[in-house]
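A short worksheet on the structure shown next.
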Amino acid sequence: MKSILKLMMLALLVIPFQGCSDDDEAMLPVVTIPGVDMSVPVEVTPNNIAGVWKLQRWSGSDQYTPEVYLELIRRDRKFNIYENYGSMYPRLVTGTFSLESDYYKGAILKGKYNHSSGNWNNDYIVSLYANAMILTVDGDATDVQIFVRVSEVPADIKDNALSPVDSEE
């Protein structure tokens with residue numbers, strides 16, 4: 001009788017934990033942008049991510065998205081970011097980037113600014129398509145930036161952008 005009671009107590013302790021799993025993947029929302037084909041993934045390489053990208057949506061929100069252009073230069077592993085986040089005028093931020101591979105996460109994009117701020121605040125998991133790039137903050141699947149490939153940064157933004165020296169004054 002004591003053996004049956006012990007087995008029942010053991011079963012009560014073990015059964016609640018059988019359905020739990022530490023490796024469940026978070027389901028990301030399906031994102032669609034009119035005119036952007038995100039049906040066929042492209043291998044993430046420095047050559048494939050090189051070019052000019054315009055921020056289309058940030059965190060899946062249709063609310064205000066700042067005007068941001070990300071230029072990735074493959075040969076030198078340099079980046080230029082033209083952005084007006086929190087400013088009336090565009091600002092140019094420069095630095096270097098690296099692309100690393102993680103067995104579980106895939107391609108990780110990291111950056112370092114050319115000014116005193118140092119490294120980017122976050123590393124990004126990259127999902128790449130023919131004309132779209134999705135950057136998801138490593139460690140926060142809800143912080144997503146969707147970029148679309150464009151031919152160039154518009155001249156009015158390039159010409160009016162405050163340089164990194166001007167923007168730190």
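Identifiers for the structure tokens are assigned positionally: chains receive A, B, ... in sequence, residues are indexed from 1 per chain, and ligands are indexed from 1 in the order shown.
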Residues within 6 Å of Thr94 (chain A), only C-alpha atoms, excluding chain neighbours under 6 positions, as a PyMOL selection string = chain A and resi 79-80+113-114
Limited to N, CA, C and O atoms, could you put the picked residues into a file as a short mmCIF file (atom, residue, chain, number, x, y, z; two decimals), in the first residue's frame?
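Result file is selection32.cif:
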```cif
data_model
loop_
_atom_site.label_atom_id
_atom_site.label_comp_id
_atom_site.auth_asym_id
_atom_site.auth_seq_id
_atom_site.Cartn_x
_atom_site.Cartn_y
_atom_site.Cartn_z
N PHE A 79 29.07 51.14 -42.76
CA PHE A 79 27.66 51.50 -42.94
C PHE A 79 27.50 53.01 -42.82
O PHE A 79 28.30 53.68 -42.16
N ASN A 80 26.48 53.50 -43.47
CA ASN A 80 26.01 54.87 -43.32
C ASN A 80 24.54 54.78 -42.98
O ASN A 80 23.79 54.07 -43.67
N TYR A 113 29.73 52.15 -34.07
CA TYR A 113 29.72 53.52 -34.55
C TYR A 113 31.14 54.09 -34.63
O TYR A 113 32.02 53.67 -33.89
N ASN A 114 31.32 55.07 -35.50
CA ASN A 114 32.61 55.74 -35.61
C ASN A 114 32.79 56.85 -34.57
O ASN A 114 33.80 57.50 -34.55
#
```
Shell around Leu92 (chain A) at 8 Å using only C-alpha atoms, local window under 6 positions removed, as a PDB file with N, CA and C atoms, in the first residue's frame:
```pdb
ATOM      1  N   ASN A  80      26.480  53.498 -43.474  1.00  0.00           N
ATOM      2  CA  ASN A  80      26.012  54.869 -43.320  1.00  0.00           C
ATOM      3  C   ASN A  80      24.536  54.784 -42.985  1.00  0.00           C
ATOM      4  N   ILE A  81      24.128  55.468 -41.941  1.00  0.00           N
ATOM      5  CA  ILE A  81      22.711  55.529 -41.594  1.00  0.00           C
ATOM      6  C   ILE A  81      22.291  56.987 -41.707  1.00  0.00           C
ATOM      7  N   TYR A  82      21.304  57.218 -42.553  1.00  0.00           N
ATOM      8  CA  TYR A  82      20.704  58.543 -42.672  1.00  0.00           C
ATOM      9  C   TYR A  82      19.367  58.447 -41.969  1.00  0.00           C
ATOM     10  N   GLU A  83      19.173  59.230 -40.920  1.00  0.00           N
ATOM     11  CA  GLU A  83      17.930  59.113 -40.145  1.00  0.00           C
ATOM     12  C   GLU A  83      17.486  60.459 -39.616  1.00  0.00           C
ATOM     13  N   ALA A 161      21.933  66.141 -44.781  1.00  0.00           N
ATOM     14  CA  ALA A 161      22.252  65.384 -43.563  1.00  0.00           C
ATOM     15  C   ALA A 161      23.372  66.051 -42.795  1.00  0.00           C
ATOM     16  N   LEU A 162      23.158  66.190 -41.499  1.00  0.00           N
ATOM     17  CA  LEU A 162      24.214  66.689 -40.624  1.00  0.00           C
ATOM     18  C   LEU A 162      25.267  65.603 -40.502  1.00  0.00           C
ATOM     19  N   SER A 163      26.512  65.987 -40.621  1.00  0.00           N
ATOM     20  CA  SER A 163      27.579  65.002 -40.509  1.00  0.00           C
ATOM     21  C   SER A 163      27.711  64.546 -39.067  1.00  0.00           C
ATOM     22  N   PRO A 164      28.410  63.448 -38.821  1.00  0.00           N
ATOM     23  CA  PRO A 164      28.572  62.977 -37.443  1.00  0.00           C
ATOM     24  C   PRO A 164      29.182  64.041 -36.530  1.00  0.00           C
TER      25      PRO A 164
END
```
task = Give me the residues within 8 Å of Thr142 (chain A) as a ChimeraX atom specification, counting only C-alpha atoms and dropping any in the same chain fewer than 2 places off.
result = /A:28,59,136-137,140,144
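The nearest approach to Val44 (chain A) among the residues A:Asp102, A:Asp76, A:Glu71, A:Asp143, with only C-alpha atoms taken into account, belongs to A:Asp102.
Proximity ranking of A:Asp138, A:Lys105, A:Asp156, A:Arg74 relative to Asn121 (chain A) places A:Asp138 first, based on only C-alpha atoms.
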ask   = If we count only C-alpha atoms, what is near Ile157 (chain A) at a cut-off of 10 Å, once residues fewer than 6 positions away on the same chain are taken out, given as a VMD selection string?
value = chain A and resid 67 to 69 82 to 84 89 to 92
Tell me which protein, DNA and RNA residues are within 7 Å of Gln145 (chain A), counting only C-alpha atoms, leaving out same-chain ones fewer than 3 positions away, and put them as a CSV table (one decimal) with all heavy atoms, in the first residue's frame.
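As written to disk, result.csv reads:
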```
chain,number,residue,atom,x,y,z
A,55,LEU,N,13.9,52.0,-44.3
A,55,LEU,CA,13.1,51.4,-43.2
A,55,LEU,C,11.6,51.6,-43.6
A,55,LEU,O,11.1,52.7,-43.9
A,55,LEU,CB,13.3,52.1,-41.9
A,55,LEU,CG,12.5,51.7,-40.7
A,55,LEU,CD1,12.8,50.2,-40.4
A,55,LEU,CD2,12.8,52.5,-39.5
A,57,ARG,N,8.9,49.7,-41.9
A,57,ARG,CA,8.1,49.5,-40.8
A,57,ARG,C,9.0,49.1,-39.6
A,57,ARG,O,9.9,48.4,-39.7
A,57,ARG,CB,7.1,48.4,-41.0
A,57,ARG,CG,6.0,48.3,-40.0
A,57,ARG,CD,5.0,47.2,-40.3
A,57,ARG,NE,4.2,47.6,-41.5
A,57,ARG,CZ,3.5,46.7,-42.2
A,57,ARG,NH1,3.3,45.5,-41.7
A,57,ARG,NH2,2.9,47.1,-43.3
A,58,TRP,N,8.6,49.6,-38.4
A,58,TRP,CA,9.3,49.3,-37.2
A,58,TRP,C,8.4,48.6,-36.2
A,58,TRP,O,7.4,49.1,-35.9
A,58,TRP,CB,9.9,50.5,-36.6
A,58,TRP,CG,10.9,50.4,-35.5
A,58,TRP,CD1,11.2,49.3,-34.8
A,58,TRP,CD2,11.8,51.4,-35.0
A,58,TRP,NE1,12.2,49.5,-33.9
A,58,TRP,CE2,12.5,50.8,-34.0
A,58,TRP,CE3,11.9,52.7,-35.3
A,58,TRP,CZ2,13.5,51.5,-33.3
A,58,TRP,CZ3,12.9,53.4,-34.6
A,58,TRP,CH2,13.6,52.8,-33.6
A,59,SER,N,8.7,47.4,-35.7
A,59,SER,CA,8.0,46.6,-34.8
A,59,SER,C,6.6,46.3,-35.3
A,59,SER,O,5.7,46.2,-34.5
A,59,SER,CB,7.9,47.3,-33.4
A,59,SER,OG,9.2,47.4,-32.9
A,134,ILE,N,14.6,41.8,-43.0
A,134,ILE,CA,14.0,42.0,-41.7
A,134,ILE,C,15.1,41.8,-40.6
A,134,ILE,O,15.8,40.8,-40.6
A,134,ILE,CB,12.9,40.9,-41.5
A,134,ILE,CG1,11.8,41.1,-42.6
A,134,ILE,CG2,12.3,41.0,-40.1
A,134,ILE,CD1,10.8,40.0,-42.5
A,135,LEU,N,15.2,42.8,-39.8
A,135,LEU,CA,16.1,42.8,-38.7
A,135,LEU,C,15.3,42.7,-37.4
A,135,LEU,O,14.5,43.5,-37.0
A,135,LEU,CB,17.0,44.1,-38.6
A,135,LEU,CG,17.8,44.4,-39.9
A,135,LEU,CD1,18.6,45.7,-39.7
A,135,LEU,CD2,18.7,43.3,-40.2
A,136,THR,N,15.6,41.6,-36.6
A,136,THR,CA,14.9,41.3,-35.4
A,136,THR,C,16.0,41.4,-34.3
A,136,THR,O,17.0,40.8,-34.4
A,136,THR,CB,14.3,39.9,-35.4
A,136,THR,OG1,13.4,39.8,-36.5
A,136,THR,CG2,13.5,39.7,-34.1
```
task = Might you pull out every residue within 12 Å of region 47-50 of chain A, with only C-alpha atoms counted and same-chain residues fewer than 4 positions away left off, and present them as an MDAnalysis selection string?
result = chainID A and resid 41:43 70:80 97:99 107:109 126:135 147:152
Atoms to include: C-alpha atoms. Write the selected residues as a PDB file, in the first residue's frame.
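This is the output file result10.pdb:
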```pdb
ATOM      1  CA  PRO A  41      14.381  33.681 -48.533  1.00  0.00           C
ATOM      2  CA  VAL A  42      17.833  34.627 -49.805  1.00  0.00           C
ATOM      3  CA  GLU A  43      21.104  33.494 -48.222  1.00  0.00           C
ATOM      4  CA  LEU A  70      20.742  52.088 -44.109  1.00  0.00           C
ATOM      5  CA  GLU A  71      23.624  51.837 -46.570  1.00  0.00           C
ATOM      6  CA  LEU A  72      25.777  48.724 -46.178  1.00  0.00           C
ATOM      7  CA  ILE A  73      29.081  48.802 -48.051  1.00  0.00           C
ATOM      8  CA  ARG A  74      30.336  45.241 -48.534  1.00  0.00           C
ATOM      9  CA  ARG A  75      33.930  45.866 -49.549  1.00  0.00           C
ATOM     10  CA  ASP A  76      34.844  47.980 -46.515  1.00  0.00           C
ATOM     11  CA  ARG A  77      32.231  46.531 -44.118  1.00  0.00           C
ATOM     12  CA  LYS A  78      31.128  50.102 -43.432  1.00  0.00           C
ATOM     13  CA  PHE A  79      27.660  51.499 -42.937  1.00  0.00           C
ATOM     14  CA  ASN A  80      26.012  54.869 -43.320  1.00  0.00           C
ATOM     15  CA  PHE A  97      29.457  46.265 -39.398  1.00  0.00           C
ATOM     16  CA  SER A  98      30.070  42.566 -39.115  1.00  0.00           C
ATOM     17  CA  LEU A  99      27.987  39.618 -40.118  1.00  0.00           C
ATOM     18  CA  ALA A 107      22.931  35.410 -39.481  1.00  0.00           C
ATOM     19  CA  ILE A 108      23.607  38.100 -36.883  1.00  0.00           C
ATOM     20  CA  LEU A 109      24.317  41.708 -37.908  1.00  0.00           C
ATOM     21  CA  VAL A 126      18.765  38.941 -40.273  1.00  0.00           C
ATOM     22  CA  SER A 127      16.088  37.493 -42.548  1.00  0.00           C
ATOM     23  CA  LEU A 128      16.768  38.367 -46.179  1.00  0.00           C
ATOM     24  CA  TYR A 129      14.560  38.307 -49.271  1.00  0.00           C
ATOM     25  CA  ALA A 130      15.080  39.584 -52.821  1.00  0.00           C
ATOM     26  CA  ASN A 131      13.974  43.130 -52.008  1.00  0.00           C
ATOM     27  CA  ALA A 132      13.371  43.084 -48.257  1.00  0.00           C
ATOM     28  CA  MET A 133      15.449  42.625 -45.132  1.00  0.00           C
ATOM     29  CA  ILE A 134      14.006  41.975 -41.679  1.00  0.00           C
ATOM     30  CA  LEU A 135      16.138  42.799 -38.651  1.00  0.00           C
ATOM     31  CA  PHE A 147      13.655  47.406 -44.695  1.00  0.00           C
ATOM     32  CA  VAL A 148      13.038  47.453 -48.440  1.00  0.00           C
ATOM     33  CA  ARG A 149      15.827  47.687 -50.986  1.00  0.00           C
ATOM     34  CA  VAL A 150      16.056  51.018 -52.820  1.00  0.00           C
ATOM     35  CA  SER A 151      18.439  52.189 -55.516  1.00  0.00           C
ATOM     36  CA  GLU A 152      19.952  55.058 -53.522  1.00  0.00           C
TER      37      GLU A 152
END
```
